[in-house]
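This is coords36.txt. It holds compact mmCIF, C-alpha atoms.
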# COMPACT_ATOMS: atom_id res chain seq x y z
CA SER A 1 21.17 -41.94 42.75
CA ASP A 2 17.49 -41.78 41.80
CA ASP A 3 16.61 -40.51 45.30
CA SER A 4 19.08 -37.63 45.07
CA LYS A 5 17.81 -36.71 41.59
CA ARG A 6 14.22 -36.61 42.88
CA GLN A 7 15.29 -34.51 45.86
CA ASN A 8 17.12 -32.08 43.57
CA LEU A 9 13.93 -31.70 41.52
CA VAL A 10 11.90 -30.95 44.66
CA ASP A 11 14.47 -28.35 45.77
CA SER A 12 14.55 -26.74 42.33
CA PHE A 13 10.75 -26.59 42.17
CA ALA A 14 10.57 -24.92 45.58
CA MET A 15 13.20 -22.33 44.74
CA LYS A 16 11.41 -21.43 41.53
CA ILE A 17 8.15 -20.86 43.40
CA ARG A 18 9.93 -18.79 46.05
CA SER A 19 11.71 -16.58 43.50
CA SER A 20 8.57 -16.03 41.44
CA SER A 21 6.33 -15.27 44.41
CA GLY A 22 8.45 -12.44 45.78
CA GLY A 23 9.15 -13.86 49.23
CA VAL A 24 6.86 -14.69 52.14
CA ASP A 25 3.16 -14.86 51.31
CA GLU A 26 0.96 -14.76 54.41
CA ARG A 27 -1.90 -16.66 52.76
CA PHE A 28 0.17 -19.84 52.94
CA SER A 29 0.63 -19.46 56.70
CA VAL A 30 -1.23 -21.62 59.20
CA GLY A 31 -1.62 -20.27 62.75
CA GLU A 32 1.73 -19.22 64.17
CA ASP A 33 3.61 -21.13 61.48
CA LYS A 34 4.92 -18.50 59.06
CA LYS A 35 6.53 -20.89 56.60
CA THR A 36 5.60 -20.36 52.96
CA GLY A 37 4.51 -23.11 50.63
CA ALA A 38 8.02 -23.01 49.13
CA ASP A 39 9.55 -23.45 52.60
CA ARG A 40 7.45 -26.54 53.17
CA ILE A 41 8.52 -27.97 49.83
CA LEU A 42 12.16 -27.37 50.78
CA ASP A 43 11.53 -29.33 53.99
CA MET A 44 10.37 -32.37 52.01
CA LYS A 45 12.79 -35.30 51.96
CA ILE A 46 12.87 -38.49 49.95
CA ILE A 47 12.68 -41.29 52.52
CA GLY A 48 13.38 -44.28 50.28
CA GLU A 49 11.35 -47.22 49.10
CA GLU A 50 10.37 -48.85 52.39
CA PRO A 51 7.24 -46.77 53.26
CA GLN A 52 5.61 -47.64 49.91
CA ARG A 53 2.52 -49.85 49.87
CA LYS A 54 0.95 -51.68 46.95
CA VAL A 55 -2.59 -50.31 46.82
CA LEU A 56 -3.74 -51.06 43.27
CA VAL A 57 -2.70 -53.38 40.47
CA SER A 58 -2.70 -50.83 37.62
CA ARG A 59 -1.01 -47.43 37.40
CA VAL A 60 -2.23 -44.95 40.02
CA TYR A 61 -3.73 -41.91 38.29
CA SER A 62 -5.32 -39.93 41.15
CA VAL A 63 -4.76 -39.59 44.91
CA ASN A 64 -6.54 -37.78 47.75
CA ILE A 65 -5.86 -37.44 51.49
CA HIS A 66 -9.08 -36.91 53.46
CA PRO A 67 -8.90 -33.72 55.62
CA ARG A 68 -10.61 -35.32 58.64
CA LYS A 69 -8.54 -35.02 61.84
CA ASP A 70 -9.34 -38.21 63.73
CA ARG A 71 -7.56 -40.57 61.33
CA ILE A 72 -5.50 -40.61 58.15
CA LEU A 73 -7.37 -41.83 55.05
CA VAL A 74 -5.69 -41.97 51.64
CA GLY A 75 -7.71 -42.74 48.52
CA ALA A 76 -6.16 -43.72 45.17
CA GLY A 77 -7.65 -44.43 41.74
CA ASP A 78 -6.06 -46.32 38.86
CA THR A 79 -6.32 -46.50 35.07
CA LYS A 80 -8.68 -49.50 35.19
CA GLY A 81 -11.34 -47.88 37.40
CA PHE A 82 -10.29 -49.48 40.69
CA PHE A 83 -10.28 -47.47 43.93
CA GLY A 84 -8.05 -48.22 46.91
CA LEU A 85 -8.50 -46.76 50.39
CA MET A 86 -5.75 -46.96 53.01
CA TYR A 87 -6.41 -46.39 56.70
CA LEU A 88 -3.09 -45.24 58.14
CA ASP A 89 -3.92 -45.29 61.85
CA ASP A 90 -1.04 -47.71 62.27
CA GLU A 91 1.63 -46.89 59.67
CA SER A 92 3.39 -50.19 60.23
CA ARG A 93 0.19 -52.16 59.50
CA PRO A 94 -2.18 -50.04 57.38
CA SER A 95 -5.56 -51.53 56.53
CA LEU A 96 -6.65 -51.52 52.90
CA LEU A 97 -10.02 -51.46 51.13
CA ARG A 98 -10.14 -52.09 47.36
CA MET A 99 -13.26 -51.53 45.23
CA GLU A 100 -14.21 -51.19 41.54
CA PRO A 101 -16.60 -48.21 41.27
CA HIS A 102 -15.64 -47.30 37.68
CA SER A 103 -14.90 -49.07 34.41
CA ARG A 104 -12.25 -46.62 33.16
CA THR A 105 -9.55 -44.32 34.56
CA ILE A 106 -10.44 -42.52 37.81
CA THR A 107 -9.36 -38.99 36.89
CA ALA A 108 -9.95 -37.24 40.23
CA ILE A 109 -10.69 -37.94 43.89
CA ARG A 110 -11.82 -35.22 46.32
CA SER A 111 -13.04 -34.93 49.91
CA ASN A 112 -13.90 -32.13 52.32
CA ALA A 113 -13.66 -31.54 56.07
CA VAL A 114 -17.43 -31.29 56.59
CA GLU A 115 -18.38 -34.67 55.12
CA THR A 116 -16.06 -36.81 57.22
CA ASP A 117 -17.56 -40.08 55.97
CA GLN A 118 -17.60 -39.26 52.24
CA MET A 119 -15.16 -39.25 49.31
CA TYR A 120 -15.95 -38.39 45.69
CA THR A 121 -14.54 -39.81 42.45
CA THR A 122 -14.97 -39.12 38.74
CA SER A 123 -13.90 -41.11 35.72
CA HIS A 124 -13.61 -41.35 31.95
CA ASP A 125 -16.57 -43.75 32.16
CA CYS A 126 -18.78 -40.62 32.31
CA THR A 127 -19.81 -40.92 35.96
CA LEU A 128 -19.23 -38.95 39.13
CA ARG A 129 -19.71 -41.01 42.29
CA ARG A 130 -19.77 -40.55 46.07
CA LEU A 131 -18.29 -43.11 48.45
CA ASP A 132 -20.02 -43.63 51.78
CA LEU A 133 -17.10 -44.71 53.98
CA THR A 134 -19.39 -46.10 56.66
CA ARG A 135 -21.38 -48.32 54.31
CA GLN A 136 -18.44 -48.84 51.97
CA GLU A 137 -20.57 -48.28 48.89
CA PHE A 138 -20.55 -45.87 45.94
CA ILE A 139 -23.56 -43.79 44.84
CA THR A 140 -23.79 -42.28 41.33
CA ILE A 141 -24.47 -38.53 41.40
CA ARG A 142 -23.77 -37.75 37.73
CA GLU A 143 -23.87 -39.92 34.62
CA ASP A 144 -23.66 -38.74 31.01
CA ALA A 145 -25.51 -40.95 28.54
CA GLU A 146 -23.81 -39.31 25.54
CA GLY A 147 -20.32 -40.34 26.57
CA ASP A 148 -18.95 -37.01 27.82
CA GLY A 149 -16.59 -38.13 30.58
CA SER A 150 -15.77 -36.02 33.63
CA THR A 151 -12.10 -35.07 33.85
CA ASP A 152 -12.04 -33.15 37.15
CA PHE A 153 -14.26 -31.57 39.80
CA ASN A 154 -13.95 -29.36 42.87
CA PHE A 155 -16.09 -28.19 45.76
CA ILE A 156 -17.95 -24.89 45.62
CA GLU A 157 -19.12 -25.77 49.12
CA PRO A 158 -19.62 -29.10 50.88
CA ARG A 159 -22.13 -31.18 48.88
CA VAL A 160 -22.03 -28.77 45.91
CA LEU A 161 -19.51 -29.61 43.18
CA ALA A 162 -18.36 -28.03 39.94
CA TYR A 163 -17.14 -30.54 37.34
CA CYS A 164 -15.61 -30.32 33.88
CA THR A 165 -15.72 -32.69 30.90
CA SER A 166 -13.76 -33.94 27.91
CA ARG A 167 -16.02 -31.99 25.53
CA GLY A 168 -15.42 -28.62 27.15
CA TYR A 169 -18.44 -28.42 29.46
CA VAL A 170 -18.64 -27.27 33.08
CA GLY A 171 -21.56 -28.14 35.32
CA VAL A 172 -22.66 -27.93 38.93
CA VAL A 173 -24.13 -30.74 41.01
CA ASP A 174 -25.88 -30.20 44.34
CA THR A 175 -25.93 -33.65 45.94
CA ARG A 176 -28.87 -32.61 48.13
CA ASP A 177 -31.03 -31.92 45.05
CA LYS A 178 -32.59 -34.69 42.98
CA LYS A 179 -31.96 -32.68 39.81
CA HIS A 180 -28.50 -33.65 38.49
CA PRO A 181 -26.82 -31.57 37.23
CA SER A 182 -28.15 -28.23 38.48
CA TRP A 183 -26.78 -26.64 35.29
CA GLU A 184 -24.21 -27.34 32.56
CA ASN A 185 -22.64 -25.02 29.95
CA GLN A 186 -19.96 -25.39 27.29
CA LEU A 187 -17.06 -23.04 28.04
CA HIS A 188 -14.36 -24.40 25.69
CA ASP A 189 -14.37 -26.15 22.30
CA LYS A 190 -11.81 -28.70 23.52
CA LYS A 191 -11.34 -30.83 26.62
CA ILE A 192 -11.19 -29.07 29.99
CA GLY A 193 -8.52 -30.80 32.08
CA SER A 194 -9.22 -29.14 35.41
CA VAL A 195 -11.66 -26.88 37.22
CA SER A 196 -10.80 -24.86 40.33
CA VAL A 197 -13.04 -22.77 42.58
CA CYS A 198 -12.56 -19.91 45.03
CA SER A 199 -15.85 -19.51 46.90
CA LYS A 200 -14.53 -16.45 48.73
CA THR A 201 -14.44 -14.43 45.50
CA ASN A 202 -17.07 -16.45 43.56
CA THR A 203 -14.44 -17.35 40.98
CA LEU A 204 -14.20 -20.43 38.77
CA VAL A 205 -11.10 -21.29 36.72
CA THR A 206 -10.86 -23.75 33.82
CA ALA A 207 -7.74 -25.15 32.12
CA SER A 208 -8.21 -26.50 28.60
CA ASN A 209 -6.58 -28.30 25.70
CA ASP A 210 -7.26 -25.16 23.65
CA CYS A 211 -4.12 -23.75 25.36
CA THR A 212 -6.00 -21.31 27.58
CA VAL A 213 -6.91 -20.77 31.22
CA ALA A 214 -10.26 -18.99 31.60
CA VAL A 215 -11.70 -17.16 34.63
CA PHE A 216 -15.44 -16.86 35.32
CA ASP A 217 -17.81 -15.43 37.91
CA LEU A 218 -19.48 -18.41 39.62
CA ARG A 219 -22.79 -16.54 39.68
CA LYS A 220 -22.84 -16.20 35.88
CA VAL A 221 -20.87 -18.92 34.12
CA ASN A 222 -21.07 -18.84 30.31
CA ARG A 223 -18.71 -18.20 27.41
CA LYS A 224 -19.88 -14.61 26.96
CA SER A 225 -19.06 -13.65 30.55
CA THR A 226 -15.39 -14.67 30.70
CA LEU A 227 -13.62 -12.36 33.15
CA ALA A 228 -10.09 -13.12 31.92
CA SER A 229 -8.19 -15.57 29.73
CA PHE A 230 -4.49 -16.51 29.80
CA SER A 231 -2.58 -18.48 27.16
CA HIS A 232 0.11 -21.17 27.13
CA GLY A 233 2.08 -22.47 24.16
CA ARG A 234 0.42 -25.89 24.37
CA ALA A 235 -2.51 -27.56 26.15
CA VAL A 236 -2.99 -26.46 29.78
CA SER A 237 -3.26 -29.50 32.05
CA ASN A 238 -4.11 -27.78 35.34
CA GLY A 239 -5.08 -24.41 36.77
CA VAL A 240 -5.48 -23.90 40.53
CA ILE A 241 -6.72 -20.67 42.10
CA SER A 242 -5.45 -19.58 45.53
CA GLU A 243 -7.71 -19.43 48.58
CA ASN A 244 -7.89 -15.61 48.42
CA GLY A 245 -8.63 -15.67 44.68
CA GLN A 246 -5.73 -13.42 43.72
CA SER A 247 -3.39 -15.92 42.04
CA ILE A 248 -3.69 -18.83 39.62
CA LEU A 249 -1.00 -21.50 39.32
CA THR A 250 -0.93 -23.37 36.01
CA THR A 251 0.99 -26.23 34.38
CA SER A 252 1.10 -26.94 30.67
CA TYR A 253 2.49 -29.34 28.10
CA ASP A 254 4.72 -26.45 26.98
CA ASP A 255 6.84 -27.43 30.04
CA THR A 256 6.26 -24.22 31.98
CA LEU A 257 4.74 -23.46 35.36
CA ARG A 258 3.15 -20.02 35.59
CA ILE A 259 1.62 -17.85 38.30
CA TYR A 260 -1.05 -15.44 37.08
CA SER A 261 -2.31 -12.50 39.09
CA THR A 262 -6.08 -12.10 38.85
CA VAL A 263 -5.73 -8.62 40.33
CA LYS A 264 -3.31 -7.14 37.82
CA GLY A 265 -3.98 -9.51 34.94
CA GLU A 266 -0.25 -10.16 34.61
CA ALA A 267 1.68 -13.44 34.48
CA ARG A 268 4.88 -14.37 36.27
CA SER A 269 6.38 -17.45 34.66
CA ALA A 270 8.81 -19.86 36.31
CA ASP A 271 10.86 -21.04 33.33
CA MET A 272 11.49 -24.61 34.33
CA ARG A 273 10.58 -28.10 33.25
CA CYS A 274 7.63 -29.03 35.43
CA PRO A 275 5.00 -31.70 36.08
CA THR A 276 1.95 -31.64 33.81
CA ALA A 277 -0.41 -31.93 36.79
CA ILE A 278 -0.86 -30.14 40.11
CA HIS A 279 -3.43 -30.80 42.84
Starting from the coordinates I provided, produce the structure as structure tokens.
Amino acid sequence: SDDSKRQNLVDSFAMKIRSSSGGVDERFSVGEDKKTGADRILDMKIIGEEPQRKVLVSRVYSVNIHPRKDRILVGAGDTKGFFGLMYLDDESRPSLLRMEPHSRTITAIRSNAVETDQMYTTSHDCTLRRLDLTRQEFITIREDAEGDGSTDFNFIEPRVLAYCTSRGYVGVVDTRDKKHPSWENQLHDKKIGSVSVCSKTNTLVTASNDCTVAVFDLRKVNRKSTLASFSHGRAVSNGVISENGQSILTTSYDDTLRIYSTVKGEARSADMRCPTAIH
């Protein structure tokens, strides 16, 4: 059945991560729970069609679960620029808010534990916006008049975001400052599909259509100060750095998932067919 096929894919993905990571990794532990990320993936089960909810009319492109602890908030963005917010306080009767903050695909949605009443979105319509959950309204915090659309963004710290664009630029926006963006530099000649940040090590990672993943020092981000660069056979869709800054997980259109060590500069590749996006 389709459910069993999906479950087999989840199990295969988890086993590949476990075998490539060399066993238990303490950085994936939470409190007394010593399960690895792979263990948690193995615990995942397909629970059928019934829990699904129709949130948006068009294809869902991006999803985010707010980290606040008092309630469960799930945001989703579609290919038409619509945003749907589900309040899952009562799973049997979730409440739904639907808005149209963008005119094109919402490429990314993010939130953080400090700003409990905020969510952020970016889109191919060249804007980056902040949603005030209390007022239920969006505020524009970045808009590019030359048509360079944002493809992804991530938090350097609450209220300070690093974003990337379809023309290979990376910039930083401090939402407390009236100057937007704080700075912006071109780091690749082609589209950057994702940007990831480790504030602990002041590291920024970009994944690009030029088939490379590049690593930079957050305190000096420009093309001449690249700390490391790793290659895939085709465009790299995502690159995510670990919380301790020592590993980078990437996916690519060459159908491989790879784990790079920023300490040794070596790559461990899980040779499997994989998703083209990770979050």
Rounded to one decimal, what separation in Å do you get between atom CA of Val221 of chain A and atom CA of Arg159 of chain A? 19.2 Å
Between atom CA of Asp254 of chain A and atom CA of Ile192 of chain A, distance in Å (one decimal): 16.4 Å
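For the set A:Ala108, A:Leu257, A:Val74, A:Val236, the residue with the smallest atom-to-atom gap to Thr151 of chain A is A:Ala108, counting all atoms listed in the file.
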His66 of chain A: which residues within 8 Å, counting only C-alpha atoms, same-chain residues fewer than 4 positions away excluded, as a PyMOL selection string? chain A and resi 72-75+110-113+116+119
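Nearest residue to Phe83 of chain A, choosing from A:Thr175, A:Gln136, A:Ser194, A:Ser252 and counting all atoms listed in the file: A:Gln136.
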Padding of 3 Å on every side, edges along x, y and z, all listed atoms of segment 158-161 of chain A included: what centre and edge lengths in Å, to one decimal, does that box have, as AutoDock Vina command-line options?
--center_x -20.8 --center_y -30.0 --center_z 47.0 --size_x 8.6 --size_y 8.4 --size_z 13.7
Enumerate, as a list in words, the protein, DNA and RNA residues whose atoms approach (-9.8, -30.3, 27.6) to within 10 Å, taking into account all atoms listed in the file and the coordinate frame of the file. Thr151, Cys164, Thr165, Ser166, Arg167, Gly168, Tyr169, His188, Asp189, Lys190, Lys191, Ile192, Gly193, Ser194, Thr206, Ala207, Ser208, Asn209, Asp210, Cys211, Thr212, Ala235, Val236, Ser237 and Asn238 of chain A
Pairwise distance, atom CA of Thr107 of chain A with atom CA of Thr79 of chain A, equals 8.3 Å
Minimum-distance residue to Leu249 of chain A, chosen among A:Ser225, A:Ser123, A:Ser196, A:Thr105 (using all atoms listed in the file): A:Ser196
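Comparing the minimum interatomic distances between Val197 of chain A and each of A:Val63, A:Leu218, A:Ala228, A:Val114, counting all atoms listed in the file, we find that A:Leu218 sits nearest.
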What would the list of residues within 6 Å of (-11.5, -32.7, 60.5) (file frame) look like as an NGL selection string, if all atoms listed in the file are what count? :A and (67-69 or 113)
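For the residues A:Glu137, A:Val240, A:Ser58, A:Gln118, ranking by smallest atom-to-atom distance to Arg104 of chain A using all atoms listed in the file places A:Ser58 first.
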Using all atoms listed in the file, which residue out of A:Thr256, A:Thr201, A:Ser261, A:Ser229 lies closest to Asn244 of chain A? A:Thr201
Take segment 213-234 of chain A from the preceding structure and save N, CA, C and O atoms as a PDB file, in the first residue's frame.
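Writing the result to selection34.pdb gives the following:
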ATOM      1  N   VAL A 213      28.114  24.033  -1.779  1.00  0.00           N
ATOM      2  CA  VAL A 213      27.740  24.498  -0.452  1.00  0.00           C
ATOM      3  C   VAL A 213      28.933  25.302   0.062  1.00  0.00           C
ATOM      4  O   VAL A 213      30.064  24.807   0.050  1.00  0.00           O
ATOM      5  N   ALA A 214      28.692  26.534   0.482  1.00  0.00           N
ATOM      6  CA  ALA A 214      29.792  27.395   0.932  1.00  0.00           C
ATOM      7  C   ALA A 214      29.618  27.756   2.399  1.00  0.00           C
ATOM      8  O   ALA A 214      28.499  27.922   2.884  1.00  0.00           O
ATOM      9  N   VAL A 215      30.749  27.882   3.108  1.00  0.00           N
ATOM     10  CA  VAL A 215      30.763  28.170   4.539  1.00  0.00           C
ATOM     11  C   VAL A 215      31.476  29.510   4.772  1.00  0.00           C
ATOM     12  O   VAL A 215      32.567  29.733   4.235  1.00  0.00           O
ATOM     13  N   PHE A 216      30.843  30.369   5.581  1.00  0.00           N
ATOM     14  CA  PHE A 216      31.391  31.702   5.836  1.00  0.00           C
ATOM     15  C   PHE A 216      31.396  32.006   7.328  1.00  0.00           C
ATOM     16  O   PHE A 216      30.609  31.439   8.090  1.00  0.00           O
ATOM     17  N   ASP A 217      32.276  32.940   7.704  1.00  0.00           N
ATOM     18  CA  ASP A 217      32.266  33.509   9.049  1.00  0.00           C
ATOM     19  C   ASP A 217      31.242  34.636   9.061  1.00  0.00           C
ATOM     20  O   ASP A 217      31.331  35.570   8.251  1.00  0.00           O
ATOM     21  N   LEU A 218      30.260  34.550   9.965  1.00  0.00           N
ATOM     22  CA  LEU A 218      29.191  35.548  10.031  1.00  0.00           C
ATOM     23  C   LEU A 218      29.729  36.965  10.225  1.00  0.00           C
ATOM     24  O   LEU A 218      29.082  37.941   9.847  1.00  0.00           O
ATOM     25  N   ARG A 219      30.895  37.092  10.832  1.00  0.00           N
ATOM     26  CA  ARG A 219      31.425  38.416  11.134  1.00  0.00           C
ATOM     27  C   ARG A 219      32.107  39.054   9.929  1.00  0.00           C
ATOM     28  O   ARG A 219      32.439  40.246   9.948  1.00  0.00           O
ATOM     29  N   LYS A 220      32.305  38.248   8.856  1.00  0.00           N
ATOM     30  CA  LYS A 220      32.956  38.762   7.653  1.00  0.00           C
ATOM     31  C   LYS A 220      32.465  37.955   6.457  1.00  0.00           C
ATOM     32  O   LYS A 220      33.137  37.047   5.985  1.00  0.00           O
ATOM     33  N   VAL A 221      31.276  38.291   5.976  1.00  0.00           N
ATOM     34  CA  VAL A 221      30.661  37.516   4.899  1.00  0.00           C
ATOM     35  C   VAL A 221      30.884  38.201   3.550  1.00  0.00           C
ATOM     36  O   VAL A 221      30.275  39.223   3.253  1.00  0.00           O
ATOM     37  N   ASN A 222      31.792  37.636   2.748  1.00  0.00           N
ATOM     38  CA  ASN A 222      31.977  38.059   1.361  1.00  0.00           C
ATOM     39  C   ASN A 222      32.642  36.913   0.597  1.00  0.00           C
ATOM     40  O   ASN A 222      33.128  35.952   1.186  1.00  0.00           O
ATOM     41  N   ARG A 223      32.657  37.013  -0.714  1.00  0.00           N
ATOM     42  CA  ARG A 223      33.143  35.902  -1.541  1.00  0.00           C
ATOM     43  C   ARG A 223      34.624  35.601  -1.325  1.00  0.00           C
ATOM     44  O   ARG A 223      35.074  34.478  -1.528  1.00  0.00           O
ATOM     45  N   LYS A 224      35.386  36.606  -0.916  1.00  0.00           N
ATOM     46  CA  LYS A 224      36.822  36.400  -0.734  1.00  0.00           C
ATOM     47  C   LYS A 224      37.156  35.723   0.592  1.00  0.00           C
ATOM     48  O   LYS A 224      38.293  35.306   0.800  1.00  0.00           O
ATOM     49  N   SER A 225      36.176  35.642   1.490  1.00  0.00           N
ATOM     50  CA  SER A 225      36.460  35.085   2.819  1.00  0.00           C
ATOM     51  C   SER A 225      35.745  33.755   3.055  1.00  0.00           C
ATOM     52  O   SER A 225      35.403  33.429   4.180  1.00  0.00           O
ATOM     53  N   THR A 226      35.522  32.992   1.984  1.00  0.00           N
ATOM     54  CA  THR A 226      34.895  31.679   2.118  1.00  0.00           C
ATOM     55  C   THR A 226      35.791  30.761   2.938  1.00  0.00           C
ATOM     56  O   THR A 226      36.976  30.598   2.622  1.00  0.00           O
ATOM     57  N   LEU A 227      35.229  30.172   3.994  1.00  0.00           N
ATOM     58  CA  LEU A 227      36.017  29.278   4.848  1.00  0.00           C
ATOM     59  C   LEU A 227      36.168  27.893   4.233  1.00  0.00           C
ATOM     60  O   LEU A 227      37.206  27.239   4.387  1.00  0.00           O
ATOM     61  N   ALA A 228      35.130  27.419   3.558  1.00  0.00           N
ATOM     62  CA  ALA A 228      35.163  26.090   2.937  1.00  0.00           C
ATOM     63  C   ALA A 228      34.084  26.030   1.875  1.00  0.00           C
ATOM     64  O   ALA A 228      33.111  26.795   1.891  1.00  0.00           O
ATOM     65  N   SER A 229      34.263  25.102   0.920  1.00  0.00           N
ATOM     66  CA  SER A 229      33.274  24.901  -0.132  1.00  0.00           C
ATOM     67  C   SER A 229      33.226  23.415  -0.475  1.00  0.00           C
ATOM     68  O   SER A 229      34.265  22.770  -0.623  1.00  0.00           O
ATOM     69  N   PHE A 230      32.004  22.866  -0.573  1.00  0.00           N
ATOM     70  CA  PHE A 230      31.810  21.456  -0.894  1.00  0.00           C
ATOM     71  C   PHE A 230      30.953  21.349  -2.150  1.00  0.00           C
ATOM     72  O   PHE A 230      30.068  22.181  -2.381  1.00  0.00           O
ATOM     73  N   SER A 231      31.188  20.322  -2.964  1.00  0.00           N
ATOM     74  CA  SER A 231      30.513  20.212  -4.250  1.00  0.00           C
ATOM     75  C   SER A 231      29.584  19.012  -4.331  1.00  0.00           C
ATOM     76  O   SER A 231      29.841  17.965  -3.720  1.00  0.00           O
ATOM     77  N   HIS A 232      28.505  19.183  -5.084  1.00  0.00           N
ATOM     78  CA  HIS A 232      27.601  18.104  -5.475  1.00  0.00           C
ATOM     79  C   HIS A 232      27.635  17.981  -6.994  1.00  0.00           C
ATOM     80  O   HIS A 232      28.163  18.859  -7.689  1.00  0.00           O
ATOM     81  N   GLY A 233      27.044  16.908  -7.514  1.00  0.00           N
ATOM     82  CA  GLY A 233      27.018  16.704  -8.953  1.00  0.00           C
ATOM     83  C   GLY A 233      26.030  17.602  -9.677  1.00  0.00           C
ATOM     84  O   GLY A 233      26.197  17.895 -10.860  1.00  0.00           O
ATOM     85  N   ARG A 234      25.001  18.052  -8.945  1.00  0.00           N
ATOM     86  CA  ARG A 234      24.006  18.954  -9.520  1.00  0.00           C
ATOM     87  C   ARG A 234      23.671  20.038  -8.488  1.00  0.00           C
ATOM     88  O   ARG A 234      24.297  20.110  -7.440  1.00  0.00           O
TER      89      ARG A 234
END
